[in-house]
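Engineer: The structure under discussion is supplied below as C-alpha coordinates; questions concerning it will follow.
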Amino acid sequence: MIYPPVTDIVEELKSVTDIQGKKVLEVGAGTGRDGLRISRAAGSVFLLDYSKQSLILARHYMQNDEVGLIMADARWSPFPDGTFDIIFHQGLLEHFTDPLILLSENYRILKDGGLLIVDVPQTFHIYTIFKHILMMFGLWFGGWERQFTVNSLSNLLKRAGFRPIHQYGDWSRPGIFYKIIREVLKKIGVVLPMYPRYFNGLTKKFYRLQKRLRRKKIFLYTCLSIGIIAKK
(Lines give C-alpha, C1' and ligand atoms only; values in the text may rest on other atoms or scores of the structure.)
Protein backbone atom coordinates (compact mmCIF):
# COMPACT_ATOMS: atom_id res chain seq x y z
CA MET A 1 0.00 0.00 0.00
CA ILE A 2 1.39 3.42 -0.97
CA TYR A 3 0.50 6.99 -0.04
CA PRO A 4 -1.83 8.87 -2.39
CA PRO A 5 -0.49 11.91 -4.27
CA VAL A 6 0.06 14.98 -2.11
CA THR A 7 -2.35 17.14 -4.11
CA ASP A 8 -5.83 16.12 -5.24
CA ILE A 9 -5.86 16.91 -8.95
CA VAL A 10 -9.41 15.67 -9.41
CA GLU A 11 -10.89 18.01 -6.80
CA GLU A 12 -8.88 20.97 -8.11
CA LEU A 13 -10.11 20.25 -11.62
CA LYS A 14 -13.72 20.04 -10.46
CA SER A 15 -13.32 23.45 -8.80
CA VAL A 16 -12.86 25.14 -12.20
CA THR A 17 -14.86 23.04 -14.67
CA ASP A 18 -17.53 20.38 -15.11
CA ILE A 19 -15.80 17.20 -16.24
CA GLN A 20 -19.03 15.48 -17.27
CA GLY A 21 -18.81 14.32 -20.87
CA LYS A 22 -15.26 15.59 -21.38
CA LYS A 23 -12.53 13.73 -23.26
CA VAL A 24 -9.56 13.43 -20.91
CA LEU A 25 -5.93 12.28 -21.22
CA GLU A 26 -3.63 11.43 -18.31
CA VAL A 27 -0.02 11.62 -19.48
CA GLY A 28 2.64 9.54 -17.74
CA ALA A 29 -0.20 7.77 -16.03
CA GLY A 30 1.69 5.24 -13.92
CA THR A 31 -1.04 3.32 -12.07
CA GLY A 32 -3.68 5.65 -13.55
CA ARG A 33 -5.20 6.32 -10.15
CA ASP A 34 -6.52 9.80 -10.97
CA GLY A 35 -7.49 8.92 -14.52
CA LEU A 36 -9.64 6.08 -13.22
CA ARG A 37 -11.29 8.43 -10.72
CA ILE A 38 -12.09 10.91 -13.47
CA SER A 39 -13.44 8.15 -15.73
CA ARG A 40 -16.38 7.67 -13.38
CA ALA A 41 -17.60 11.18 -14.23
CA ALA A 42 -16.02 12.16 -17.55
CA GLY A 43 -17.12 11.12 -21.02
CA SER A 44 -13.98 9.19 -22.04
CA VAL A 45 -10.53 8.87 -20.49
CA PHE A 46 -7.22 7.66 -21.93
CA LEU A 47 -4.07 6.78 -19.98
CA LEU A 48 -0.76 7.28 -21.79
CA ASP A 49 2.55 5.90 -20.58
CA TYR A 50 5.73 4.68 -22.31
CA SER A 51 6.08 1.87 -19.75
CA LYS A 52 4.25 -1.36 -20.53
CA GLN A 53 4.55 -2.36 -16.87
CA SER A 54 2.72 0.80 -15.77
CA LEU A 55 -0.15 0.14 -18.15
CA ILE A 56 -0.40 -3.48 -16.97
CA LEU A 57 -0.63 -2.17 -13.42
CA ALA A 58 -3.30 0.35 -14.45
CA ARG A 59 -5.33 -2.43 -16.07
CA HIS A 60 -5.12 -4.37 -12.82
CA TYR A 61 -6.97 -1.53 -11.05
CA MET A 62 -9.63 -1.25 -13.77
CA GLN A 63 -13.00 -2.88 -13.11
CA ASN A 64 -13.67 -3.12 -16.85
CA ASP A 65 -12.53 -1.30 -19.99
CA GLU A 66 -13.63 2.12 -18.72
CA VAL A 67 -10.41 3.80 -19.93
CA GLY A 68 -8.22 3.46 -23.02
CA LEU A 69 -4.59 2.45 -22.50
CA ILE A 70 -1.98 3.95 -24.84
CA MET A 71 1.71 3.00 -24.80
CA ALA A 72 3.62 5.90 -26.36
CA ASP A 73 6.18 8.63 -25.78
CA ALA A 74 4.41 11.69 -24.37
CA ARG A 75 6.59 13.97 -26.52
CA TRP A 76 5.18 12.47 -29.74
CA SER A 77 1.73 11.15 -28.91
CA PRO A 78 -0.39 9.29 -31.49
CA PHE A 79 -3.31 11.74 -31.45
CA PRO A 80 -4.46 14.31 -34.02
CA ASP A 81 -4.45 18.01 -33.21
CA GLY A 82 -7.19 19.20 -30.86
CA THR A 83 -8.25 15.78 -29.57
CA PHE A 84 -8.80 16.37 -25.84
CA ASP A 85 -10.83 18.68 -23.60
CA ILE A 86 -8.56 18.07 -20.60
CA ILE A 87 -4.96 16.86 -20.29
CA PHE A 88 -3.18 16.36 -16.98
CA HIS A 89 0.04 14.98 -15.59
CA GLN A 90 1.40 14.63 -12.07
CA GLY A 91 5.04 14.06 -11.19
CA LEU A 92 6.11 14.06 -14.84
CA LEU A 93 7.23 17.48 -16.08
CA GLU A 94 10.07 17.70 -13.55
CA HIS A 95 11.87 14.80 -15.26
CA PHE A 96 12.27 16.64 -18.59
CA THR A 97 15.48 18.59 -19.22
CA ASP A 98 13.50 20.56 -21.80
CA PRO A 99 9.92 20.69 -20.43
CA LEU A 100 8.71 22.79 -23.37
CA ILE A 101 8.86 19.68 -25.58
CA LEU A 102 6.20 18.00 -23.45
CA LEU A 103 4.11 21.16 -23.00
CA SER A 104 4.15 21.90 -26.74
CA GLU A 105 2.81 18.42 -27.47
CA ASN A 106 0.14 18.90 -24.79
CA TYR A 107 -0.82 22.15 -26.51
CA ARG A 108 -1.05 20.48 -29.92
CA ILE A 109 -3.47 17.72 -28.91
CA LEU A 110 -5.61 19.94 -26.67
CA LYS A 111 -8.78 21.53 -28.05
CA ASP A 112 -9.05 25.32 -28.21
CA GLY A 113 -10.29 26.40 -24.79
CA GLY A 114 -9.21 23.06 -23.31
CA LEU A 115 -7.49 22.73 -19.95
CA LEU A 116 -4.00 21.49 -19.01
CA ILE A 117 -3.27 20.54 -15.39
CA VAL A 118 0.41 20.29 -14.41
CA ASP A 119 1.41 19.08 -10.94
CA VAL A 120 5.07 19.24 -9.83
CA PRO A 121 7.35 19.36 -6.73
CA GLN A 122 7.77 22.83 -5.24
CA THR A 123 11.26 24.32 -4.87
CA PHE A 124 11.35 25.72 -1.32
CA HIS A 125 10.87 22.55 0.69
CA ILE A 126 13.09 20.21 2.71
CA TYR A 127 12.15 17.52 0.16
CA THR A 128 14.22 19.41 -2.43
CA ILE A 129 17.34 19.28 -0.24
CA PHE A 130 16.99 15.55 0.44
CA LYS A 131 16.32 14.89 -3.23
CA HIS A 132 19.42 16.68 -4.48
CA ILE A 133 21.66 15.03 -1.89
CA LEU A 134 20.43 11.60 -2.99
CA MET A 135 20.74 12.56 -6.67
CA MET A 136 24.35 13.57 -6.03
CA PHE A 137 25.10 10.02 -4.89
CA GLY A 138 22.94 8.34 -7.53
CA LEU A 139 20.47 7.10 -4.92
CA TRP A 140 17.34 9.03 -5.92
CA PHE A 141 14.56 6.65 -7.00
CA GLY A 142 13.25 9.05 -9.67
CA GLY A 143 16.50 9.62 -11.56
CA TRP A 144 17.12 13.23 -12.61
CA GLU A 145 14.49 15.66 -11.37
CA ARG A 146 13.97 19.42 -11.20
CA GLN A 147 11.48 21.47 -9.18
CA PHE A 148 9.42 24.62 -9.69
CA THR A 149 7.98 27.64 -7.94
CA VAL A 150 4.48 28.86 -8.72
CA ASN A 151 5.95 31.71 -10.74
CA SER A 152 8.47 29.62 -12.69
CA LEU A 153 5.82 27.05 -13.60
CA SER A 154 3.35 29.77 -14.59
CA ASN A 155 5.95 31.48 -16.80
CA LEU A 156 6.84 28.17 -18.45
CA LEU A 157 3.19 27.48 -19.29
CA LYS A 158 2.85 30.97 -20.78
CA ARG A 159 5.90 30.31 -22.98
CA ALA A 160 4.13 27.20 -24.27
CA GLY A 161 1.09 29.29 -25.21
CA PHE A 162 -1.16 28.54 -22.22
CA ARG A 163 -3.03 30.97 -19.96
CA PRO A 164 -2.87 29.98 -16.27
CA ILE A 165 -6.25 30.29 -14.56
CA HIS A 166 -5.87 28.45 -11.23
CA GLN A 167 -3.02 27.70 -8.82
CA TYR A 168 -2.98 25.22 -5.97
CA GLY A 169 -0.65 23.33 -3.66
CA ASP A 170 -0.53 21.19 -0.56
CA TRP A 171 1.71 19.65 2.06
CA SER A 172 2.34 15.99 2.69
CA ARG A 173 -0.01 14.24 5.11
CA PRO A 174 1.54 12.71 7.13
CA GLY A 175 4.59 14.97 7.04
CA ILE A 176 7.67 14.14 5.03
CA PHE A 177 9.73 13.46 8.18
CA TYR A 178 7.25 10.87 9.42
CA LYS A 179 7.36 9.13 6.04
CA ILE A 180 11.17 9.08 6.07
CA ILE A 181 11.32 7.72 9.63
CA ARG A 182 8.74 5.09 8.76
CA GLU A 183 10.75 3.90 5.76
CA VAL A 184 14.01 3.78 7.76
CA LEU A 185 12.44 1.78 10.58
CA LYS A 186 10.93 -0.69 8.11
CA LYS A 187 14.51 -1.63 7.15
CA ILE A 188 15.10 -2.92 10.70
CA GLY A 189 11.72 -4.59 11.07
CA VAL A 190 9.87 -1.84 12.96
CA VAL A 191 6.59 -1.07 11.21
CA LEU A 192 4.83 2.19 12.04
CA PRO A 193 1.24 2.80 10.90
CA MET A 194 0.86 4.65 7.60
CA TYR A 195 -0.68 7.56 9.51
CA PRO A 196 0.45 8.58 13.03
CA ARG A 197 -2.06 7.76 15.78
CA TYR A 198 -0.62 9.92 18.53
CA PHE A 199 -1.94 13.42 19.30
CA ASN A 200 -4.81 12.62 16.94
CA GLY A 201 -6.95 15.65 17.84
CA LEU A 202 -4.02 18.05 17.52
CA THR A 203 -3.01 16.49 14.20
CA LYS A 204 -6.51 16.94 12.77
CA LYS A 205 -6.57 20.60 13.82
CA PHE A 206 -3.18 21.13 12.16
CA TYR A 207 -4.40 19.51 8.93
CA ARG A 208 -7.48 21.76 8.93
CA LEU A 209 -5.21 24.80 9.33
CA GLN A 210 -3.09 23.62 6.40
CA LYS A 211 -6.18 23.34 4.19
CA ARG A 212 -7.04 26.98 4.91
CA LEU A 213 -3.50 28.29 4.44
CA ARG A 214 -2.88 26.48 1.14
CA ARG A 215 -5.47 28.74 -0.52
CA LYS A 216 -3.22 31.76 0.04
CA LYS A 217 -0.59 32.26 -2.66
CA ILE A 218 2.27 33.07 -0.27
CA PHE A 219 1.98 29.61 1.31
CA LEU A 220 2.29 27.95 -2.10
CA TYR A 221 6.00 28.74 -1.73
CA THR A 222 6.18 26.33 1.21
CA CYS A 223 4.08 23.43 -0.13
CA LEU A 224 5.58 20.09 -1.07
CA SER A 225 3.65 19.90 -4.36
CA ILE A 226 2.09 22.63 -6.47
CA GLY A 227 -0.03 22.68 -9.58
CA ILE A 228 -1.44 25.03 -12.18
CA ILE A 229 -4.53 24.66 -14.35
CA ALA A 230 -4.07 26.54 -17.63
CA LYS A 231 -6.26 27.14 -20.66
CA LYS A 232 -5.29 26.83 -24.32
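Chains: A, B, ... in order of the C-alpha coordinates. Residues: from 1 per chain. Ligands: from 1, in order shown.
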I need the alpha helix (DSSP H) residues of segment 37-204 of chain A per DSSP on the backbone, written as a PyMOL selection string.

Structural biologist: chain A and resi 37-39+52-61+99-109+126-136+150-159+176-187+200-204

Engineer: As an MDAnalysis selection string, please: every residue in segment 90-188 of chain A that a backbone DSSP assignment puts in strand (DSSP E or B).

Structural biologist: chainID A and resid 90 110:122 148 163:170

Engineer: Skip segment 21-36 of chain A itself and residues of its chain fewer than 2 positions away, then list as a PyMOL selection string all residues within 6 Å of it, counting only C-alpha atoms.

Structural biologist: chain A and resi 19+38-39+42-49+54+57-58+84-89

Engineer: Could you jot down the atom CA of Tyr50 of chain A to atom CA of Cys223 of chain A separation for me, Å, one decimal place?

Structural biologist: 29.1 Å

Engineer: Give me, as a PyMOL selection string, all polymer residues having an atom no more than 12 Å from segment 180-192 of chain A, counting only C-alpha atoms and skipping those fewer than 4 positions away in the same chain.

Structural biologist: chain A and resi 2+126-127+130+172+174-176+196-198
